[in-house]
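The next block is coords.csv, given as CSV, C-alpha atoms.
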```csv
chain,number,residue,atom,x,y,z
A,1,MET,CA,132.9,157.7,116.1
A,2,ALA,CA,133.8,156.2,112.7
A,3,GLU,CA,136.7,157.0,110.3
A,4,ILE,CA,135.7,157.9,106.8
A,5,LEU,CA,138.1,158.2,103.9
A,6,ASN,CA,137.4,160.5,101.0
A,7,ALA,CA,139.0,159.3,97.8
A,8,HIS,CA,138.4,159.6,94.1
A,9,GLY,CA,138.8,157.9,90.8
A,10,SER,CA,138.9,160.4,88.0
A,11,LYS,CA,137.4,163.0,90.3
A,12,ASN,CA,134.4,160.7,91.0
A,13,ASP,CA,134.7,161.3,94.8
A,14,ILE,CA,133.7,158.4,97.0
A,15,PHE,CA,133.7,157.8,100.7
A,16,VAL,CA,135.1,154.6,102.1
A,17,ALA,CA,134.2,153.5,105.6
A,18,ALA,CA,134.8,150.3,107.6
A,19,MET,CA,131.1,150.1,108.5
A,20,THR,CA,128.3,147.8,107.4
A,21,PRO,CA,124.5,148.3,107.0
A,22,ARG,CA,124.1,146.4,110.3
A,23,ASP,CA,125.7,149.3,112.1
A,24,PHE,CA,122.6,151.3,111.5
A,25,ALA,CA,119.3,150.9,113.4
A,26,SER,CA,117.3,150.8,110.2
A,27,ASP,CA,117.6,151.1,106.4
A,28,GLU,CA,116.1,154.6,106.6
A,29,ASP,CA,118.8,155.7,109.2
A,30,LEU,CA,121.5,154.3,106.8
A,31,ARG,CA,120.1,156.2,103.8
A,32,ALA,CA,119.6,159.4,105.8
A,33,PHE,CA,123.3,159.2,106.8
A,34,VAL,CA,124.4,158.7,103.2
A,35,ARG,CA,122.3,161.6,102.0
A,36,ARG,CA,123.7,163.9,104.7
A,37,LEU,CA,127.3,162.8,104.1
A,38,CYS,CA,127.1,163.2,100.3
A,39,ASP,CA,125.2,166.5,100.4
A,40,ARG,CA,127.5,169.1,98.9
A,41,ALA,CA,125.8,171.8,100.9
A,42,GLY,CA,126.8,170.1,104.1
A,43,PRO,CA,130.1,169.7,105.9
A,44,PHE,CA,131.4,167.0,103.4
A,45,GLY,CA,129.8,166.1,100.1
A,46,GLY,CA,130.5,163.4,97.6
A,47,ASP,CA,129.3,161.1,94.8
A,48,GLY,CA,128.6,158.1,97.0
A,49,ILE,CA,130.0,155.8,99.7
A,50,TYR,CA,131.3,152.3,100.0
A,51,LEU,CA,130.8,150.5,103.3
A,52,TYR,CA,132.9,147.4,103.7
A,53,ASP,CA,133.7,144.5,106.0
A,54,ALA,CA,137.3,143.4,105.6
A,55,ALA,CA,137.1,140.5,108.1
A,56,PRO,CA,136.0,137.7,105.7
A,57,SER,CA,138.5,136.1,103.4
A,58,ILE,CA,136.6,137.8,100.6
A,59,PRO,CA,135.7,141.3,101.9
A,60,GLU,CA,132.1,142.3,101.5
A,61,ALA,CA,131.1,145.8,100.3
A,62,TRP,CA,127.9,147.8,99.9
A,63,PHE,CA,127.7,150.9,97.6
A,64,PHE,CA,125.2,153.7,98.1
A,65,ASN,CA,124.5,156.6,95.7
A,66,PRO,CA,124.3,160.2,97.1
A,67,ASP,CA,120.5,160.0,97.1
A,68,GLY,CA,120.6,157.1,99.5
A,69,SER,CA,119.8,154.4,96.9
A,70,SER,CA,121.9,151.3,96.6
A,71,ALA,CA,123.8,150.1,93.6
A,72,GLU,CA,125.5,146.8,92.7
A,73,PHE,CA,128.8,148.5,92.6
A,74,CYS,CA,130.8,151.6,91.6
A,75,GLY,CA,133.8,151.2,89.3
A,76,ASN,CA,135.7,154.3,90.5
A,77,GLY,CA,134.8,153.6,94.1
A,78,MET,CA,135.8,150.0,93.8
A,79,ARG,CA,139.3,151.0,92.8
A,80,CYS,CA,139.5,153.3,95.9
A,81,LEU,CA,138.1,150.6,98.2
A,82,GLY,CA,140.5,148.1,96.5
A,83,ARG,CA,143.5,150.2,97.4
A,84,VAL,CA,142.3,150.4,101.0
A,85,VAL,CA,141.9,146.6,101.2
A,86,LEU,CA,145.3,145.9,99.5
A,87,ASP,CA,147.0,148.4,101.9
A,88,ARG,CA,145.4,146.8,104.9
A,89,ARG,CA,146.5,143.3,103.8
A,90,GLY,CA,149.9,144.3,102.4
A,91,ALA,CA,148.8,142.4,99.2
A,92,ASP,CA,149.1,143.0,95.5
A,93,ALA,CA,145.7,141.5,94.6
A,94,ALA,CA,142.4,140.7,96.3
A,95,VAL,CA,138.8,139.8,95.5
A,96,ILE,CA,136.0,141.9,96.9
A,97,ARG,CA,132.3,141.1,96.8
A,98,SER,CA,129.9,144.0,96.0
A,99,GLY,CA,126.2,143.2,95.3
A,100,GLN,CA,125.9,139.8,93.7
A,101,ALA,CA,129.4,139.8,92.0
A,102,GLU,CA,133.0,139.5,92.9
A,103,TYR,CA,135.7,141.9,91.6
A,104,THR,CA,139.4,141.4,91.4
A,105,VAL,CA,141.6,144.4,92.3
A,106,ARG,CA,145.3,144.6,91.7
A,107,ARG,CA,148.0,147.2,92.3
A,108,ALA,CA,149.0,148.9,89.1
A,109,ALA,CA,152.0,151.1,88.1
A,110,THR,CA,152.3,154.6,89.8
A,111,THR,CA,152.3,157.3,87.2
A,112,ALA,CA,155.2,159.7,86.5
A,113,GLU,CA,153.4,162.3,88.6
A,114,GLY,CA,153.2,160.0,91.6
A,115,VAL,CA,149.6,159.0,91.2
A,116,ARG,CA,148.7,155.6,92.7
A,117,GLN,CA,146.7,153.4,90.4
A,118,ILE,CA,144.6,150.3,90.8
A,119,GLY,CA,143.5,147.8,88.2
A,120,LEU,CA,139.9,146.4,88.5
A,121,GLU,CA,138.5,143.4,86.6
A,122,HIS,CA,134.8,143.4,86.1
A,123,PRO,CA,132.5,140.4,85.6
A,124,ALA,CA,131.6,139.6,82.0
A,125,VAL,CA,129.6,142.2,80.2
A,126,ASP,CA,126.1,141.2,79.2
A,127,PHE,CA,124.5,142.5,76.0
A,128,THR,CA,121.3,140.5,76.6
A,129,PRO,CA,119.0,141.2,74.9
A,130,GLN,CA,121.4,142.0,72.1
A,131,THR,CA,119.6,144.8,70.5
A,132,ALA,CA,120.8,148.2,69.6
A,133,VAL,CA,117.7,150.4,68.9
A,134,VAL,CA,117.2,153.7,67.4
A,135,ALA,CA,115.2,156.7,68.6
A,136,GLY,CA,115.0,156.0,72.3
A,137,ARG,CA,113.5,152.5,72.1
A,138,ASN,CA,114.5,150.8,75.4
A,139,PRO,CA,116.6,147.7,74.6
A,140,LEU,CA,116.3,146.5,78.2
A,141,THR,CA,112.5,146.0,78.1
A,142,GLU,CA,111.5,146.7,74.5
A,143,ALA,CA,109.2,149.4,75.9
A,144,VAL,CA,109.1,152.7,74.0
A,145,LEU,CA,110.7,155.6,75.8
A,146,PRO,CA,110.1,159.2,75.0
A,147,GLU,CA,112.4,159.9,72.0
A,148,LEU,CA,115.9,160.5,73.4
A,149,ASP,CA,117.6,161.3,70.1
A,150,PRO,CA,116.5,159.8,66.8
A,151,ALA,CA,120.0,160.2,65.4
A,152,LEU,CA,121.6,158.0,68.1
A,153,GLU,CA,121.7,154.2,68.5
A,154,PHE,CA,121.7,153.0,72.1
A,155,THR,CA,123.3,149.8,73.1
A,156,ALA,CA,122.3,148.1,76.4
A,157,VAL,CA,125.1,146.8,78.6
A,158,THR,CA,125.0,145.3,82.1
A,159,ILE,CA,128.3,145.0,84.0
A,160,PRO,CA,126.3,144.4,86.4
A,161,ASN,CA,125.0,148.0,86.6
A,162,PRO,CA,122.6,148.7,83.8
A,163,HIS,CA,123.9,151.1,81.1
A,164,LEU,CA,122.8,152.6,77.8
A,165,VAL,CA,125.7,153.8,75.6
A,166,ALA,CA,125.6,155.7,72.3
A,167,LEU,CA,128.4,156.7,70.0
A,168,VAL,CA,128.3,160.5,69.2
A,169,ASP,CA,130.1,162.7,66.6
A,170,LYS,CA,130.3,165.6,69.0
A,171,TYR,CA,129.9,165.9,72.8
A,172,VAL,CA,127.1,168.3,73.8
A,173,GLU,CA,126.7,168.3,77.6
A,174,SER,CA,123.2,169.8,77.6
A,175,ASP,CA,122.0,167.0,75.3
A,176,LEU,CA,123.4,164.3,77.7
A,177,ILE,CA,121.8,165.9,80.7
A,178,ALA,CA,118.4,166.1,79.0
A,179,MET,CA,118.5,162.5,77.9
A,180,GLY,CA,119.7,161.3,81.3
A,181,GLU,CA,116.8,163.2,83.0
A,182,GLN,CA,114.3,161.5,80.6
A,183,VAL,CA,115.6,158.1,81.5
A,184,ALA,CA,115.6,159.0,85.3
A,185,ALA,CA,112.0,160.1,84.9
A,186,ARG,CA,110.8,156.7,83.8
A,187,PRO,CA,111.0,154.3,86.7
A,188,ASP,CA,108.1,152.4,85.1
A,189,VAL,CA,110.5,151.5,82.3
A,190,PHE,CA,113.8,151.4,84.3
A,191,PRO,CA,112.7,150.2,87.8
A,192,ALA,CA,116.4,149.8,88.8
A,193,GLY,CA,117.4,153.0,86.9
A,194,ALA,CA,120.0,153.1,84.1
A,195,ASN,CA,123.2,155.0,83.5
A,196,LEU,CA,123.4,156.8,80.2
A,197,SER,CA,126.7,157.4,78.5
A,198,VAL,CA,128.0,158.9,75.3
A,199,LEU,CA,131.2,157.9,73.6
A,200,LEU,CA,133.3,160.2,71.3
A,201,GLN,CA,136.2,158.7,69.4
A,202,LEU,CA,139.4,160.8,69.5
A,203,GLU,CA,141.8,158.3,68.1
A,204,PRO,CA,141.5,154.6,67.4
A,205,ALA,CA,142.9,153.8,70.9
A,206,GLU,CA,141.6,157.0,72.6
A,207,VAL,CA,138.0,158.0,73.4
A,208,PHE,CA,136.0,160.5,75.5
A,209,VAL,CA,133.2,159.1,77.7
A,210,ARG,CA,130.7,161.1,79.8
A,211,THR,CA,127.9,159.5,81.9
A,212,PHE,CA,124.7,160.7,83.5
A,213,GLU,CA,124.5,158.3,86.5
A,214,ARG,CA,121.3,157.0,88.1
A,215,GLY,CA,121.0,158.4,91.6
A,216,ALA,CA,123.8,161.0,91.0
A,217,GLY,CA,123.3,162.8,87.8
A,218,LEU,CA,126.2,164.2,85.8
A,219,THR,CA,129.5,163.3,87.5
A,220,ALA,CA,133.1,164.0,86.5
A,221,SER,CA,133.4,160.3,85.6
A,222,CYS,CA,131.8,156.9,86.0
A,223,GLY,CA,134.0,153.8,86.3
A,224,SER,CA,131.3,151.3,85.2
A,225,GLY,CA,130.3,153.8,82.5
A,226,MET,CA,133.9,153.7,81.1
A,227,ALA,CA,133.9,149.9,81.2
A,228,ALA,CA,130.5,149.7,79.5
A,229,ALA,CA,131.5,152.2,76.8
A,230,ARG,CA,134.7,150.3,76.1
A,231,ALA,CA,132.8,147.1,75.5
A,232,VAL,CA,130.4,148.9,73.2
A,233,TYR,CA,133.4,150.5,71.4
A,234,SER,CA,134.5,147.0,70.3
A,235,ALA,CA,131.0,145.7,69.7
A,236,ILE,CA,130.1,148.5,67.3
A,237,SER,CA,133.6,149.0,65.8
A,238,ARG,CA,132.5,147.5,62.5
A,239,ARG,CA,131.0,150.9,61.9
A,240,ILE,CA,134.2,152.8,62.8
A,241,THR,CA,137.9,152.0,63.1
A,242,PRO,CA,138.1,148.3,64.2
A,243,VAL,CA,139.2,148.0,67.9
A,244,ASP,CA,140.4,144.6,69.1
A,245,PRO,CA,138.9,143.8,72.5
A,246,ALA,CA,142.3,143.1,74.1
A,247,ARG,CA,143.6,146.5,73.1
A,248,ARG,CA,144.2,149.0,75.9
A,249,VAL,CA,142.1,152.0,75.1
A,250,THR,CA,142.7,155.3,76.9
A,251,VAL,CA,139.3,156.6,78.2
A,252,ARG,CA,139.3,160.3,79.0
A,253,ASN,CA,136.5,162.1,80.9
A,254,ALA,CA,136.0,165.4,82.6
A,255,GLY,CA,137.7,164.1,85.8
A,256,GLY,CA,140.7,162.4,84.3
A,257,MET,CA,141.7,159.4,82.4
A,258,ALA,CA,141.9,155.6,82.7
A,259,THR,CA,142.7,152.6,80.4
A,260,VAL,CA,140.3,149.8,79.7
A,261,SER,CA,140.9,146.5,77.9
A,262,LEU,CA,138.7,143.5,77.6
A,263,ASN,CA,139.9,140.1,78.7
A,264,VAL,CA,138.3,137.5,76.5
A,265,ARG,CA,137.5,134.2,78.3
A,266,GLN,CA,135.1,131.6,76.8
A,267,ASP,CA,133.9,134.2,74.2
A,268,ARG,CA,132.9,136.6,77.0
A,269,TRP,CA,134.4,140.0,77.6
A,270,HIS,CA,135.7,141.0,81.1
A,271,PRO,CA,136.6,144.7,81.2
A,272,VAL,CA,139.8,145.6,83.0
A,273,LEU,CA,139.7,149.2,84.2
A,274,GLU,CA,143.0,150.7,85.4
A,275,GLY,CA,143.2,154.2,86.8
A,276,ASN,CA,143.9,156.4,89.8
A,277,ALA,CA,142.8,155.7,93.4
A,278,THR,CA,143.7,159.0,95.1
A,279,PHE,CA,143.2,159.6,98.8
A,280,VAL,CA,141.9,163.1,99.5
A,281,TYR,CA,141.4,163.2,103.3
A,282,ARG,CA,140.4,161.2,106.3
A,283,ALA,CA,138.0,162.3,109.0
A,284,ASP,CA,136.6,161.0,112.3
A,285,VAL,CA,132.8,161.5,112.3
A,286,ASP,CA,129.8,160.7,114.5
A,287,PRO,CA,127.3,159.2,111.9
A,288,SER,CA,124.4,160.7,113.8
A,289,ALA,CA,125.8,164.2,113.9
A,290,LEU,CA,128.1,164.9,111.0
A,291,ALA,CA,130.7,167.7,111.6
A,292,ARG,CA,133.9,168.5,109.7
A,293,ASP,CA,136.2,167.8,112.7
A,294,ALA,CA,139.5,166.0,112.9
A,295,VAL,CA,140.1,166.1,109.1
A,296,GLU,CA,143.5,164.9,107.9
A,297,PRO,CA,144.2,165.9,104.3
A,298,CYS,CA,146.3,163.9,101.9
A,299,ASP,CA,148.0,166.9,100.2
A,300,ASP,CA,150.8,165.0,98.4
A,301,GLU,CA,148.3,162.8,96.7
A,302,VAL,CA,146.1,165.7,95.7
A,303,ARG,CA,149.0,167.6,94.2
A,304,ALA,CA,150.2,164.6,92.2
A,305,TYR,CA,146.8,164.1,90.7
A,306,ALA,CA,146.4,167.8,89.9
A,307,ALA,CA,149.5,167.4,87.6
A,308,LEU,CA,148.0,164.4,85.9
A,309,ASP,CA,144.6,166.1,85.6
A,310,GLU,CA,146.1,169.1,83.8
A,311,ARG,CA,147.7,166.8,81.2
A,312,ASN,CA,144.3,165.3,80.6
A,313,ALA,CA,142.6,168.7,80.4
A,314,ALA,CA,145.2,169.9,77.9
A,315,ARG,CA,144.5,166.8,75.7
A,316,LEU,CA,140.7,167.4,75.8
A,317,ARG,CA,141.2,171.1,74.9
A,318,GLU,CA,143.4,170.0,72.0
A,319,ALA,CA,140.6,167.6,70.8
A,320,GLY,CA,138.0,170.4,71.1
A,321,VAL,CA,136.0,168.7,73.9
A,322,THR,CA,134.4,171.1,76.3
A,323,GLY,CA,132.1,170.6,79.3
```

Step by step, read the file and then write its structure as structure tokens.
Amino acid sequence: MAEILNAHGSKNDIFVAAMTPRDFASDEDLRAFVRRLCDRAGPFGGDGIYLYDAAPSIPEAWFFNPDGSSAEFCGNGMRCLGRVVLDRRGADAAVIRSGQAEYTVRRAATTAEGVRQIGLEHPAVDFTPQTAVVAGRNPLTEAVLPELDPALEFTAVTIPNPHLVALVDKYVESDLIAMGEQVAARPDVFPAGANLSVLLQLEPAEVFVRTFERGAGLTASCGSGMAAARAVYSAISRRITPVDPARRVTVRNAGGMATVSLNVRQDRWHPVLEGNATFVYRADVDPSALARDAVEPCDDEVRAYAALDERNAARLREAGVTG
């Protein structure tokens, strides 16, 4: 039996389990477990899972998308995992390795509603090659994609997940889904996949971001997508209201809200994402035969987040953002 924790960052619901890939007989067994666990038609359902080993001085973590594919990391999931590690250690800060990078997590202020928050510092953003190209031209490989939208300019950002980000004047969910599916259908151009985000400015220090994620599709939010979009927001701000990199910008999405600023060190930007890390339930499961038994809900945390979420939804309605 293994204990799994279901948690979420801005409703991007992620499982966290004190397991490692070595606990599975093969990679296929591991990926099959991930697919069954994340299947929303099954007993549980979610947007991915973080496996972790807390024993080393720097805990090691592995993230898997709901389709069983692996990713360098998950920003919303890392906040949830970070809270687990900090609670286990009774610490206020820790470093966690996921993929090829290390991430610093810190406790942040609890909101007025009682929502627990975690701050996460990413590695430096990478705009290489530094091209922002029109009409669906892929700035990662300079290959020509099917035209996504000739009116949009896409900027490539790696943090370290690959992202394409475009500033829009209006959010149209069907357009984002269509573009995301086009990118997903081109593994010849994006062999590692790419997350596609759109950014809508609400106020100079407030934006709406929505992401079509590789391996997951349209989710309520994407942590690395918020960080990537925040970096692009300052990189392209010469065309809109100037935004200083160090300024804390509220990033709203369908699942909630977070703040992102950019620490500037040696002329490089390190996004700092601060938002909720809400525990939803714990369950003891047999990885080979998943069943929804022995589930312990975290009702107080769920209620606290519902109050915060309603405040966010009201702001988006006021701004005319739907979807």

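Going from CA of Asp47 (chain A) over to CA of Ser98 (chain A), you cover 17.2 Å.
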
Taking 3 positions as the minimum chain separation for residues in the same chain, which residues sit within 9 Å of Asp286 (chain A) when counting all atoms listed in the file? Answer as an NGL selection string. :A and (1-3 or 289-291)

Nearest residue to Thr278 (chain A) out of A:Leu218, A:Ala246, A:Leu196, A:Leu5, using only C-alpha atoms? A:Leu5

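Residue nearest Phe154 (chain A) within the list A:Gln100, A:Val295, A:Ala229, A:Asp175: A:Ala229 [criterion: smallest interatomic distance, all atoms listed in the file].
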
What separation in Å, quoted to one decimal, exists between CA of Trp269 (chain A) and CA of Leu86 (chain A)? 25.2 Å

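Shortest separation to Thr155 (chain A) among A:Ser234, A:Thr259, A:Thr110, A:Gln182 occurs at residue A:Ser234, atoms counted being all atoms listed in the file.
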
Can you list, as a PyMOL selection string, every protein, DNA or RNA residue that comes within 10 Å of Glu60 (chain A) when you count only C-alpha atoms, leaving out same-chain residues fewer than 4 positions away? chain A and resi 20+51-56+95-99+102

Pick out the residues sitting within 7 Å of Glu113 (chain A), and hand them over as a ChimeraX atom specification; count only C-alpha atoms, and ignore anything fewer than 6 positions along from it in its own chain. /A:304,307-308

Quick one, how far is CA of Gly48 (chain A) from CA of Arg83 (chain A)? 16.9 Å

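Using only C-alpha atoms, the residues found no farther than 12 Å from Ala178 (chain A), other than those of its own chain fewer than 2 positions away, are A:Pro146, A:Glu147, A:Leu148, A:Asp149, A:Val172, A:Glu173, A:Ser174, A:Asp175, A:Leu176, A:Gly180, A:Glu181, A:Gln182, A:Val183, A:Ala184, A:Ala185, A:Leu196, A:Thr211, A:Phe212, A:Gly217, A:Leu218.
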
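Those residues that approach Gly320 (chain A) to within 10 Å, counting all atoms listed in the file, are A:Lys170, A:Tyr171, A:Leu202, A:Ala314; same-chain residues fewer than 6 positions away are not listed.
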
Closest of A:Arg282, A:Arg88, A:Arg116, A:Arg230 to Ala166 (chain A), counting only C-alpha atoms, is A:Arg230

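Proximity to Pro271 (chain A) was assessed for A:Ala124, A:Val207, A:Leu152, A:Ala235 counting all atoms listed in the file; the smallest distance is recorded for A:Ala124.
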
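Within 7 Å of the point (148.6, 157.5, 90.7), and counting only C-alpha atoms, the protein, DNA and RNA residues are Thr110, Thr111, Gly114, Val115, Arg116, Gln117, Asn276, Ala277, Thr278 and Tyr305 of chain A.
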
Considering all atoms listed in the file, can you say which of A:Val85, A:Pro59, A:Glu274, A:Arg210 comes closest to Thr322 (chain A)? A:Arg210

Please produce region 181-197 of chain A, completed to N, CA, C and O atoms, as a PDB file, keeping the file's coordinate frame.
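Result went into result_15.pdb, see below:
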```pdb
ATOM      1  N   GLU A 181     118.003 162.822  82.167  1.00  0.00           N
ATOM      2  CA  GLU A 181     116.800 163.200  83.000  1.00  0.00           C
ATOM      3  C   GLU A 181     115.582 162.470  82.472  1.00  0.00           C
ATOM      4  O   GLU A 181     114.706 162.086  83.263  1.00  0.00           O
ATOM      5  N   GLN A 182     115.482 162.273  81.150  1.00  0.00           N
ATOM      6  CA  GLN A 182     114.300 161.500  80.600  1.00  0.00           C
ATOM      7  C   GLN A 182     114.339 160.092  81.088  1.00  0.00           C
ATOM      8  O   GLN A 182     113.291 159.548  81.450  1.00  0.00           O
ATOM      9  N   VAL A 183     115.516 159.464  81.080  1.00  0.00           N
ATOM     10  CA  VAL A 183     115.600 158.100  81.500  1.00  0.00           C
ATOM     11  C   VAL A 183     115.279 158.014  83.041  1.00  0.00           C
ATOM     12  O   VAL A 183     114.538 157.134  83.495  1.00  0.00           O
ATOM     13  N   ALA A 184     115.819 158.970  83.811  1.00  0.00           N
ATOM     14  CA  ALA A 184     115.600 159.000  85.300  1.00  0.00           C
ATOM     15  C   ALA A 184     114.110 159.177  85.591  1.00  0.00           C
ATOM     16  O   ALA A 184     113.637 158.738  86.644  1.00  0.00           O
ATOM     17  N   ALA A 185     113.376 159.838  84.699  1.00  0.00           N
ATOM     18  CA  ALA A 185     112.000 160.100  84.900  1.00  0.00           C
ATOM     19  C   ALA A 185     111.045 158.971  84.581  1.00  0.00           C
ATOM     20  O   ALA A 185     109.819 159.113  84.691  1.00  0.00           O
ATOM     21  N   ARG A 186     111.625 157.836  84.151  1.00  0.00           N
ATOM     22  CA  ARG A 186     110.800 156.700  83.800  1.00  0.00           C
ATOM     23  C   ARG A 186     111.087 155.463  84.603  1.00  0.00           C
ATOM     24  O   ARG A 186     111.544 154.434  84.099  1.00  0.00           O
ATOM     25  N   PRO A 187     110.801 155.494  85.918  1.00  0.00           N
ATOM     26  CA  PRO A 187     111.000 154.300  86.700  1.00  0.00           C
ATOM     27  C   PRO A 187     110.079 153.152  86.330  1.00  0.00           C
ATOM     28  O   PRO A 187     110.353 151.993  86.654  1.00  0.00           O
ATOM     29  N   ASP A 188     109.003 153.465  85.606  1.00  0.00           N
ATOM     30  CA  ASP A 188     108.100 152.400  85.100  1.00  0.00           C
ATOM     31  C   ASP A 188     108.826 151.554  84.068  1.00  0.00           C
ATOM     32  O   ASP A 188     108.578 150.360  83.927  1.00  0.00           O
ATOM     33  N   VAL A 189     109.746 152.175  83.331  1.00  0.00           N
ATOM     34  CA  VAL A 189     110.500 151.500  82.300  1.00  0.00           C
ATOM     35  C   VAL A 189     111.812 150.942  82.847  1.00  0.00           C
ATOM     36  O   VAL A 189     112.238 149.828  82.536  1.00  0.00           O
ATOM     37  N   PHE A 190     112.480 151.753  83.680  1.00  0.00           N
ATOM     38  CA  PHE A 190     113.800 151.400  84.300  1.00  0.00           C
ATOM     39  C   PHE A 190     113.576 151.327  85.810  1.00  0.00           C
ATOM     40  O   PHE A 190     113.992 152.246  86.512  1.00  0.00           O
ATOM     41  N   PRO A 191     112.963 150.286  86.348  1.00  0.00           N
ATOM     42  CA  PRO A 191     112.700 150.200  87.800  1.00  0.00           C
ATOM     43  C   PRO A 191     114.007 150.286  88.620  1.00  0.00           C
ATOM     44  O   PRO A 191     114.005 150.780  89.750  1.00  0.00           O
ATOM     45  N   ALA A 192     115.120 149.791  88.078  1.00  0.00           N
ATOM     46  CA  ALA A 192     116.400 149.800  88.800  1.00  0.00           C
ATOM     47  C   ALA A 192     117.234 151.030  88.332  1.00  0.00           C
ATOM     48  O   ALA A 192     118.374 151.194  88.774  1.00  0.00           O
ATOM     49  N   GLY A 193     116.686 151.879  87.465  1.00  0.00           N
ATOM     50  CA  GLY A 193     117.400 153.000  86.900  1.00  0.00           C
ATOM     51  C   GLY A 193     118.402 152.532  85.851  1.00  0.00           C
ATOM     52  O   GLY A 193     118.588 151.324  85.626  1.00  0.00           O
ATOM     53  N   ALA A 194     119.024 153.469  85.167  1.00  0.00           N
ATOM     54  CA  ALA A 194     120.000 153.100  84.100  1.00  0.00           C
ATOM     55  C   ALA A 194     120.967 154.313  83.992  1.00  0.00           C
ATOM     56  O   ALA A 194     120.570 155.469  84.067  1.00  0.00           O
ATOM     57  N   ASN A 195     122.233 153.996  83.793  1.00  0.00           N
ATOM     58  CA  ASN A 195     123.200 155.000  83.500  1.00  0.00           C
ATOM     59  C   ASN A 195     123.289 155.249  82.020  1.00  0.00           C
ATOM     60  O   ASN A 195     123.288 154.292  81.232  1.00  0.00           O
ATOM     61  N   LEU A 196     123.348 156.496  81.623  1.00  0.00           N
ATOM     62  CA  LEU A 196     123.400 156.800  80.200  1.00  0.00           C
ATOM     63  C   LEU A 196     124.701 157.466  79.849  1.00  0.00           C
ATOM     64  O   LEU A 196     125.096 158.477  80.440  1.00  0.00           O
ATOM     65  N   SER A 197     125.415 156.863  78.885  1.00  0.00           N
ATOM     66  CA  SER A 197     126.700 157.400  78.500  1.00  0.00           C
ATOM     67  C   SER A 197     126.805 157.665  77.019  1.00  0.00           C
ATOM     68  O   SER A 197     126.140 157.014  76.199  1.00  0.00           O
TER      69      SER A 197
END
```
